[in-house]
$ cat target11.txt   # compact mmCIF, N, CA and C atoms
# COMPACT_ATOMS: atom_id res chain seq x y z
N MET M 1 -14.02 -85.70 -74.07
CA MET M 1 -12.79 -85.28 -73.44
C MET M 1 -12.81 -83.77 -73.18
N LEU M 2 -13.28 -83.01 -74.18
CA LEU M 2 -13.37 -81.56 -74.04
C LEU M 2 -14.31 -81.18 -72.90
N LYS M 3 -15.41 -81.87 -72.80
CA LYS M 3 -16.37 -81.60 -71.74
C LYS M 3 -15.73 -81.83 -70.36
N LEU M 4 -14.92 -82.87 -70.26
CA LEU M 4 -14.23 -83.15 -69.01
C LEU M 4 -13.29 -82.02 -68.63
N PHE M 5 -12.56 -81.49 -69.61
CA PHE M 5 -11.66 -80.37 -69.34
C PHE M 5 -12.41 -79.12 -68.91
N VAL M 6 -13.53 -78.85 -69.54
CA VAL M 6 -14.33 -77.69 -69.18
C VAL M 6 -14.85 -77.82 -67.76
N LEU M 7 -15.36 -79.00 -67.42
CA LEU M 7 -15.88 -79.23 -66.07
C LEU M 7 -14.78 -79.13 -65.02
N SER M 8 -13.63 -79.70 -65.31
CA SER M 8 -12.53 -79.62 -64.33
C SER M 8 -12.03 -78.19 -64.19
N SER M 9 -12.02 -77.44 -65.29
CA SER M 9 -11.61 -76.04 -65.24
C SER M 9 -12.56 -75.23 -64.37
N ARG M 10 -13.82 -75.47 -64.50
CA ARG M 10 -14.81 -74.76 -63.68
C ARG M 10 -14.63 -75.11 -62.21
N GLU M 11 -14.34 -76.37 -61.93
CA GLU M 11 -14.15 -76.82 -60.56
C GLU M 11 -12.93 -76.14 -59.93
N VAL M 12 -11.83 -76.09 -60.67
CA VAL M 12 -10.61 -75.46 -60.17
C VAL M 12 -10.84 -73.97 -59.97
N ASN M 13 -11.47 -73.30 -60.93
CA ASN M 13 -11.70 -71.86 -60.84
C ASN M 13 -12.67 -71.51 -59.72
N SER M 14 -13.62 -72.38 -59.44
CA SER M 14 -14.58 -72.07 -58.38
C SER M 14 -13.95 -72.16 -57.00
N GLU M 15 -12.83 -72.88 -56.88
CA GLU M 15 -12.17 -73.01 -55.59
C GLU M 15 -11.14 -71.93 -55.33
N SER M 16 -10.82 -71.14 -56.33
CA SER M 16 -9.80 -70.11 -56.18
C SER M 16 -10.32 -69.01 -55.26
N PRO M 17 -9.56 -68.65 -54.22
CA PRO M 17 -10.03 -67.63 -53.28
C PRO M 17 -10.16 -66.25 -53.92
N ILE M 18 -9.35 -65.96 -54.92
CA ILE M 18 -9.43 -64.66 -55.57
C ILE M 18 -10.71 -64.55 -56.39
N LEU M 19 -11.07 -65.65 -57.05
CA LEU M 19 -12.22 -65.60 -57.95
C LEU M 19 -13.55 -65.71 -57.22
N THR M 20 -13.55 -66.29 -56.03
CA THR M 20 -14.82 -66.45 -55.34
C THR M 20 -15.25 -65.18 -54.62
N LYS M 21 -14.30 -64.35 -54.24
CA LYS M 21 -14.64 -63.10 -53.57
C LYS M 21 -14.97 -62.05 -54.63
N THR M 22 -16.10 -61.39 -54.46
CA THR M 22 -16.49 -60.38 -55.44
C THR M 22 -16.52 -59.00 -54.81
N SER M 23 -15.73 -58.82 -53.78
CA SER M 23 -15.70 -57.52 -53.12
C SER M 23 -14.92 -56.52 -53.96
N TYR M 24 -15.01 -55.28 -53.56
CA TYR M 24 -14.29 -54.20 -54.23
C TYR M 24 -12.79 -54.46 -54.21
N ASN M 25 -12.29 -54.94 -53.07
CA ASN M 25 -10.86 -55.22 -52.96
C ASN M 25 -10.41 -56.33 -53.90
N SER M 26 -11.21 -57.36 -54.06
CA SER M 26 -10.82 -58.44 -54.97
C SER M 26 -10.83 -57.96 -56.42
N VAL M 27 -11.74 -57.06 -56.75
CA VAL M 27 -11.76 -56.49 -58.10
C VAL M 27 -10.51 -55.65 -58.33
N LEU M 28 -10.13 -54.86 -57.34
CA LEU M 28 -8.90 -54.07 -57.45
C LEU M 28 -7.67 -54.97 -57.57
N LEU M 29 -7.66 -56.07 -56.83
CA LEU M 29 -6.53 -57.00 -56.91
C LEU M 29 -6.43 -57.60 -58.30
N LYS M 30 -7.55 -58.00 -58.87
CA LYS M 30 -7.55 -58.54 -60.23
C LYS M 30 -7.04 -57.50 -61.23
N GLN M 31 -7.48 -56.26 -61.05
CA GLN M 31 -7.01 -55.19 -61.94
C GLN M 31 -5.51 -54.97 -61.77
N PHE M 32 -5.03 -55.02 -60.54
CA PHE M 32 -3.61 -54.86 -60.28
C PHE M 32 -2.81 -55.99 -60.93
N LEU M 33 -3.27 -57.22 -60.77
CA LEU M 33 -2.57 -58.36 -61.37
C LEU M 33 -2.55 -58.27 -62.89
N ASN M 34 -3.65 -57.82 -63.47
CA ASN M 34 -3.69 -57.63 -64.93
C ASN M 34 -2.74 -56.50 -65.35
N LEU M 35 -2.71 -55.44 -64.57
CA LEU M 35 -1.81 -54.32 -64.85
C LEU M 35 -0.35 -54.76 -64.81
N ILE M 36 -0.01 -55.56 -63.82
CA ILE M 36 1.36 -56.06 -63.70
C ILE M 36 1.68 -56.97 -64.88
N GLU M 37 0.78 -57.81 -65.25
CA GLU M 37 1.01 -58.73 -66.36
C GLU M 37 1.29 -57.97 -67.66
N GLU M 38 0.59 -56.88 -67.86
CA GLU M 38 0.75 -56.10 -69.09
C GLU M 38 1.94 -55.15 -69.03
N ASN M 39 2.30 -54.65 -67.85
CA ASN M 39 3.29 -53.57 -67.74
C ASN M 39 4.44 -53.85 -66.80
N PHE M 40 4.76 -55.10 -66.54
CA PHE M 40 5.80 -55.39 -65.55
C PHE M 40 7.17 -54.86 -65.94
N LYS M 41 7.41 -54.65 -67.24
CA LYS M 41 8.70 -54.12 -67.67
C LYS M 41 8.81 -52.62 -67.37
N ASP M 42 7.70 -51.93 -67.35
CA ASP M 42 7.70 -50.47 -67.20
C ASP M 42 7.32 -50.01 -65.80
N VAL M 43 6.36 -50.65 -65.19
CA VAL M 43 5.85 -50.24 -63.88
C VAL M 43 6.48 -51.13 -62.82
N ARG M 44 7.46 -50.60 -62.10
CA ARG M 44 8.19 -51.39 -61.11
C ARG M 44 7.84 -51.02 -59.68
N LEU M 45 7.31 -49.86 -59.47
CA LEU M 45 7.03 -49.42 -58.10
C LEU M 45 5.54 -49.56 -57.78
N PRO M 46 5.22 -50.05 -56.58
CA PRO M 46 3.81 -50.16 -56.19
C PRO M 46 3.08 -48.83 -56.25
N LYS M 47 3.77 -47.71 -55.96
CA LYS M 47 3.09 -46.42 -55.98
C LYS M 47 2.64 -46.07 -57.40
N ASP M 48 3.42 -46.47 -58.41
CA ASP M 48 3.02 -46.21 -59.80
C ASP M 48 1.81 -47.05 -60.19
N SER M 49 1.80 -48.30 -59.77
CA SER M 49 0.64 -49.17 -60.03
C SER M 49 -0.59 -48.63 -59.31
N ALA M 50 -0.41 -48.22 -58.08
CA ALA M 50 -1.53 -47.68 -57.30
C ALA M 50 -2.10 -46.44 -57.96
N ALA M 51 -1.22 -45.58 -58.48
CA ALA M 51 -1.69 -44.37 -59.15
C ALA M 51 -2.52 -44.71 -60.38
N LEU M 52 -2.13 -45.75 -61.10
CA LEU M 52 -2.90 -46.16 -62.28
C LEU M 52 -4.27 -46.74 -61.89
N LEU M 53 -4.36 -47.23 -60.67
CA LEU M 53 -5.64 -47.77 -60.18
C LEU M 53 -6.43 -46.73 -59.38
N TYR M 54 -5.87 -45.53 -59.26
CA TYR M 54 -6.50 -44.42 -58.52
C TYR M 54 -6.71 -44.74 -57.04
N ILE M 55 -5.70 -45.40 -56.45
CA ILE M 55 -5.70 -45.66 -55.02
C ILE M 55 -4.30 -45.34 -54.49
N THR M 56 -4.14 -45.34 -53.17
CA THR M 56 -2.82 -45.07 -52.60
C THR M 56 -2.01 -46.37 -52.55
N SER M 57 -0.72 -46.22 -52.43
CA SER M 57 0.14 -47.40 -52.36
C SER M 57 -0.10 -48.19 -51.07
N ASN M 58 -0.44 -47.48 -50.00
CA ASN M 58 -0.77 -48.17 -48.74
C ASN M 58 -2.03 -49.02 -48.90
N HIS M 59 -3.02 -48.48 -49.60
CA HIS M 59 -4.25 -49.24 -49.84
C HIS M 59 -3.97 -50.45 -50.71
N LEU M 60 -3.15 -50.27 -51.74
CA LEU M 60 -2.79 -51.39 -52.62
C LEU M 60 -2.08 -52.49 -51.83
N ASN M 61 -1.14 -52.11 -50.99
CA ASN M 61 -0.44 -53.10 -50.17
C ASN M 61 -1.39 -53.80 -49.21
N PHE M 62 -2.33 -53.06 -48.63
CA PHE M 62 -3.31 -53.66 -47.73
C PHE M 62 -4.14 -54.70 -48.48
N ILE M 63 -4.59 -54.35 -49.69
CA ILE M 63 -5.41 -55.27 -50.49
C ILE M 63 -4.62 -56.54 -50.80
N CYS M 64 -3.39 -56.38 -51.24
CA CYS M 64 -2.57 -57.54 -51.59
C CYS M 64 -2.33 -58.44 -50.38
N LYS M 65 -1.99 -57.82 -49.26
CA LYS M 65 -1.75 -58.60 -48.04
C LYS M 65 -3.02 -59.29 -47.57
N ASP M 66 -4.14 -58.59 -47.65
CA ASP M 66 -5.42 -59.13 -47.20
C ASP M 66 -5.89 -60.28 -48.09
N GLN M 67 -5.77 -60.12 -49.39
CA GLN M 67 -6.32 -61.10 -50.32
C GLN M 67 -5.40 -62.31 -50.54
N ILE M 68 -4.10 -62.07 -50.73
CA ILE M 68 -3.21 -63.18 -51.06
C ILE M 68 -1.96 -63.23 -50.18
N ASN M 69 -1.89 -62.40 -49.15
CA ASN M 69 -0.83 -62.41 -48.16
C ASN M 69 0.57 -62.17 -48.76
N VAL M 70 0.64 -61.33 -49.78
CA VAL M 70 1.90 -60.95 -50.42
C VAL M 70 1.84 -59.46 -50.69
N SER M 71 2.96 -58.76 -50.48
CA SER M 71 2.96 -57.32 -50.73
C SER M 71 2.94 -57.01 -52.22
N ALA M 72 2.53 -55.81 -52.57
CA ALA M 72 2.45 -55.40 -53.97
C ALA M 72 3.84 -55.41 -54.61
N GLY M 73 4.83 -54.94 -53.89
CA GLY M 73 6.20 -54.94 -54.41
C GLY M 73 6.70 -56.34 -54.70
N GLU M 74 6.35 -57.26 -53.84
CA GLU M 74 6.77 -58.65 -54.04
C GLU M 74 6.10 -59.26 -55.27
N ILE M 75 4.86 -58.92 -55.50
CA ILE M 75 4.16 -59.41 -56.69
C ILE M 75 4.86 -58.91 -57.95
N ILE M 76 5.23 -57.64 -57.96
CA ILE M 76 5.91 -57.06 -59.11
C ILE M 76 7.27 -57.73 -59.30
N ARG M 77 8.04 -57.85 -58.22
CA ARG M 77 9.37 -58.48 -58.31
C ARG M 77 9.27 -59.92 -58.79
N ASN M 78 8.29 -60.66 -58.29
CA ASN M 78 8.12 -62.04 -58.70
C ASN M 78 7.83 -62.16 -60.19
N ARG M 79 7.04 -61.22 -60.72
CA ARG M 79 6.73 -61.26 -62.15
C ARG M 79 7.96 -60.93 -62.99
N VAL M 80 8.74 -59.95 -62.57
CA VAL M 80 9.98 -59.60 -63.28
C VAL M 80 10.96 -60.77 -63.20
N LEU M 81 11.06 -61.37 -62.05
CA LEU M 81 11.96 -62.50 -61.87
C LEU M 81 11.54 -63.69 -62.73
N LEU M 82 10.26 -63.95 -62.81
CA LEU M 82 9.76 -65.03 -63.66
C LEU M 82 10.16 -64.80 -65.12
N GLU M 83 9.98 -63.59 -65.58
CA GLU M 83 10.33 -63.28 -66.97
C GLU M 83 11.84 -63.38 -67.18
N ALA M 84 12.62 -62.95 -66.21
CA ALA M 84 14.07 -63.06 -66.31
C ALA M 84 14.49 -64.53 -66.41
N LYS M 85 13.88 -65.37 -65.59
CA LYS M 85 14.20 -66.80 -65.64
C LYS M 85 13.82 -67.39 -66.99
N ARG M 86 12.68 -67.00 -67.50
CA ARG M 86 12.26 -67.49 -68.83
C ARG M 86 13.25 -67.08 -69.90
N MET M 87 13.73 -65.86 -69.81
CA MET M 87 14.66 -65.37 -70.82
C MET M 87 16.04 -65.99 -70.65
N LEU M 88 16.42 -66.32 -69.44
CA LEU M 88 17.73 -66.93 -69.21
C LEU M 88 17.83 -68.33 -69.83
N VAL M 89 16.71 -68.95 -70.07
CA VAL M 89 16.70 -70.26 -70.71
C VAL M 89 17.22 -70.14 -72.15
N ASN M 90 17.00 -69.01 -72.77
CA ASN M 90 17.46 -68.78 -74.14
C ASN M 90 18.94 -68.42 -74.11
N PHE M 91 19.78 -69.37 -74.47
CA PHE M 91 21.22 -69.16 -74.39
C PHE M 91 21.73 -68.22 -75.47
N GLU M 92 20.90 -67.89 -76.44
CA GLU M 92 21.32 -66.96 -77.49
C GLU M 92 21.30 -65.51 -77.01
N LEU M 93 20.55 -65.25 -75.95
CA LEU M 93 20.49 -63.90 -75.38
C LEU M 93 21.57 -63.74 -74.31
N SER M 94 22.31 -62.66 -74.38
CA SER M 94 23.29 -62.39 -73.34
C SER M 94 22.59 -61.86 -72.09
N VAL M 95 23.27 -61.93 -70.98
CA VAL M 95 22.72 -61.42 -69.72
C VAL M 95 22.44 -59.92 -69.85
N ALA M 96 23.33 -59.19 -70.50
CA ALA M 96 23.14 -57.75 -70.68
C ALA M 96 21.91 -57.47 -71.53
N THR M 97 21.70 -58.26 -72.58
CA THR M 97 20.53 -58.08 -73.44
C THR M 97 19.24 -58.35 -72.67
N ILE M 98 19.25 -59.39 -71.88
CA ILE M 98 18.06 -59.71 -71.07
C ILE M 98 17.78 -58.57 -70.10
N GLY M 99 18.82 -58.06 -69.46
CA GLY M 99 18.65 -56.93 -68.54
C GLY M 99 18.05 -55.72 -69.24
N MET M 100 18.56 -55.41 -70.44
CA MET M 100 18.03 -54.27 -71.19
C MET M 100 16.57 -54.49 -71.58
N LYS M 101 16.21 -55.72 -72.00
CA LYS M 101 14.83 -56.00 -72.38
C LYS M 101 13.87 -55.87 -71.20
N LEU M 102 14.38 -56.09 -70.01
CA LEU M 102 13.55 -55.96 -68.81
C LEU M 102 13.70 -54.59 -68.15
N ASN M 103 14.28 -53.63 -68.87
CA ASN M 103 14.45 -52.26 -68.41
C ASN M 103 15.36 -52.12 -67.19
N PHE M 104 16.37 -52.96 -67.12
CA PHE M 104 17.46 -52.77 -66.18
C PHE M 104 18.57 -52.13 -67.00
N PHE M 105 18.80 -50.86 -66.81
CA PHE M 105 19.76 -50.16 -67.65
C PHE M 105 21.19 -50.34 -67.17
N ASP M 106 21.36 -50.97 -66.03
CA ASP M 106 22.68 -51.27 -65.51
C ASP M 106 22.77 -52.79 -65.35
N THR M 107 23.65 -53.41 -66.12
CA THR M 107 23.77 -54.87 -66.10
C THR M 107 24.15 -55.38 -64.71
N SER M 108 25.00 -54.65 -64.02
CA SER M 108 25.40 -55.11 -62.69
C SER M 108 24.21 -55.12 -61.72
N TYR M 109 23.29 -54.15 -61.87
CA TYR M 109 22.10 -54.15 -61.02
C TYR M 109 21.21 -55.35 -61.35
N PHE M 110 21.10 -55.67 -62.64
CA PHE M 110 20.31 -56.84 -63.05
C PHE M 110 20.91 -58.11 -62.45
N ILE M 111 22.23 -58.24 -62.50
CA ILE M 111 22.89 -59.42 -61.95
C ILE M 111 22.65 -59.50 -60.44
N LYS M 112 22.73 -58.36 -59.73
CA LYS M 112 22.47 -58.34 -58.29
C LYS M 112 21.02 -58.72 -57.99
N PHE M 113 20.09 -58.22 -58.82
CA PHE M 113 18.68 -58.54 -58.65
C PHE M 113 18.46 -60.05 -58.75
N ILE M 114 19.00 -60.66 -59.80
CA ILE M 114 18.84 -62.10 -60.00
C ILE M 114 19.48 -62.87 -58.85
N LYS M 115 20.68 -62.46 -58.47
CA LYS M 115 21.40 -63.16 -57.41
C LYS M 115 20.67 -63.06 -56.07
N LYS M 116 20.07 -61.93 -55.81
CA LYS M 116 19.36 -61.74 -54.54
C LYS M 116 18.17 -62.69 -54.40
N TYR M 117 17.46 -62.92 -55.49
CA TYR M 117 16.23 -63.70 -55.40
C TYR M 117 16.37 -65.16 -55.83
N THR M 118 17.48 -65.51 -56.50
CA THR M 118 17.68 -66.92 -56.87
C THR M 118 18.89 -67.52 -56.18
N LEU M 119 19.71 -66.68 -55.56
CA LEU M 119 20.96 -67.06 -54.91
C LEU M 119 22.03 -67.50 -55.91
N PHE M 120 21.80 -67.25 -57.19
CA PHE M 120 22.75 -67.56 -58.24
C PHE M 120 22.93 -66.34 -59.13
N THR M 121 24.10 -66.21 -59.71
CA THR M 121 24.27 -65.21 -60.77
C THR M 121 23.50 -65.72 -61.98
N PRO M 122 23.18 -64.87 -62.94
CA PRO M 122 22.45 -65.35 -64.12
C PRO M 122 23.16 -66.51 -64.83
N GLU M 123 24.48 -66.42 -64.99
CA GLU M 123 25.21 -67.51 -65.65
C GLU M 123 25.16 -68.79 -64.82
N ALA M 124 25.31 -68.67 -63.52
CA ALA M 124 25.24 -69.85 -62.65
C ALA M 124 23.83 -70.43 -62.66
N PHE M 125 22.82 -69.56 -62.71
CA PHE M 125 21.43 -70.03 -62.79
C PHE M 125 21.23 -70.85 -64.05
N ARG M 126 21.76 -70.36 -65.17
CA ARG M 126 21.66 -71.10 -66.44
C ARG M 126 22.31 -72.47 -66.31
N LYS M 127 23.50 -72.51 -65.78
CA LYS M 127 24.24 -73.77 -65.66
C LYS M 127 23.59 -74.72 -64.67
N GLN M 128 23.06 -74.17 -63.59
CA GLN M 128 22.44 -74.98 -62.53
C GLN M 128 21.15 -75.64 -62.98
N ASN M 129 20.33 -74.93 -63.74
CA ASN M 129 18.98 -75.40 -64.02
C ASN M 129 18.74 -75.93 -65.43
N TYR M 130 19.61 -75.66 -66.36
CA TYR M 130 19.33 -76.05 -67.73
C TYR M 130 20.58 -76.59 -68.42
N ASN M 131 20.37 -77.61 -69.22
CA ASN M 131 21.46 -78.13 -70.03
C ASN M 131 21.64 -77.26 -71.25
N LYS M 132 22.85 -77.00 -71.61
CA LYS M 132 23.13 -76.14 -72.77
C LYS M 132 23.20 -77.01 -74.03
N SER M 133 22.06 -77.58 -74.40
CA SER M 133 22.05 -78.46 -75.57
C SER M 133 21.13 -77.92 -76.64
$ encode --input "target11.txt" --output "structure tokens"
Amino acid sequence: MLKLFVLSSREVNSESPILTKTSYNSVLLKQFLNLIEENFKDVRLPKDSAALLYITSNHLNFICKDQINVSAGEIIRNRVLLEAKRMLVNFELSVATIGMKLNFFDTSYFIKFIKKYTLFTPEAFRKQNYNKS
């Protein structure tokens, strides 16, 4: 069974467009994605990520658009939004607490951010997608 999982994992990974390209741009994209995964709470602007990679923000956006057809800013926002959704599942955390943990120092801005990308307020998102049991 384990051998089957290993073989299927190799098959899936070999088909990934990011992993098959070994160009300089694909290496930078992987580094950017790793950087976002580790620092999405602190690094919110593409220019800050680009500076950490020693490239310009225009170059970073070009790489992201070229490799996966998504802008650098959108990648960062999607990661923050994913974490916000994960935290909203925990009904013990207030919306303000979640906002603070994600470095939104203004709760109203956090609520606007969530509403803009999910079309629901955080409380409505909780009620819409999860049972409070």
$ select_by_dssp --input "target11.txt" --residues "chain M" --states "alpha helix (DSSP H)" --output "count of residues only"
97
$ atom_distance --input "target11.txt" --atom1 "atom N of M:Phe40" --atom2 "atom C of M:Ile98"
13.9 Å
$ atom_distance --input "target11.txt" --atom1 "atom N of M:Leu81" --atom2 "atom CA of M:Tyr24"
27.5 Å
$ atom_distance --input "target11.txt" --atom1 "atom CA of M:Leu52" --atom2 "atom CA of M:Gln31"
9.9 Å
$ residues_around --input "target11.txt" --residues "stretch 116-133 of chain M" --least-positions-apart "6" --cutoff "7 Å" --atoms "all atoms listed in the file" --output "MDAnalysis selection string"
chainID M and resid 88:89 95
$ write_last_selection --input "target11.txt" --atoms "N, CA and C atoms" --output "PDB file, keeping the file's coordinate frame"
ATOM      1  N   LEU M  88      16.420 -66.320 -69.440  1.00  0.00           N
ATOM      2  CA  LEU M  88      17.730 -66.930 -69.210  1.00  0.00           C
ATOM      3  C   LEU M  88      17.830 -68.330 -69.830  1.00  0.00           C
ATOM      4  N   VAL M  89      16.710 -68.950 -70.070  1.00  0.00           N
ATOM      5  CA  VAL M  89      16.700 -70.260 -70.710  1.00  0.00           C
ATOM      6  C   VAL M  89      17.220 -70.140 -72.150  1.00  0.00           C
ATOM      7  N   VAL M  95      23.270 -61.930 -70.980  1.00  0.00           N
ATOM      8  CA  VAL M  95      22.720 -61.420 -69.720  1.00  0.00           C
ATOM      9  C   VAL M  95      22.440 -59.920 -69.850  1.00  0.00           C
TER      10      VAL M  95
END
$ residues_around --input "target11.txt" --residues "stretch 106-110 of chain M" --least-positions-apart "6" --cutoff "7 Å" --atoms "only N, CA and C atoms" --output "JSON, numbers by chain"
{"M": [95, 96, 99, 100]}
$ residues_around --input "target11.txt" --residues "stretch 56-66 of chain M" --least-positions-apart "2" --cutoff "6.5 Å" --atoms "all atoms listed in the file" --output "MDAnalysis selection string"
chainID M and resid 25 29 46:47 50:51 54 68:72
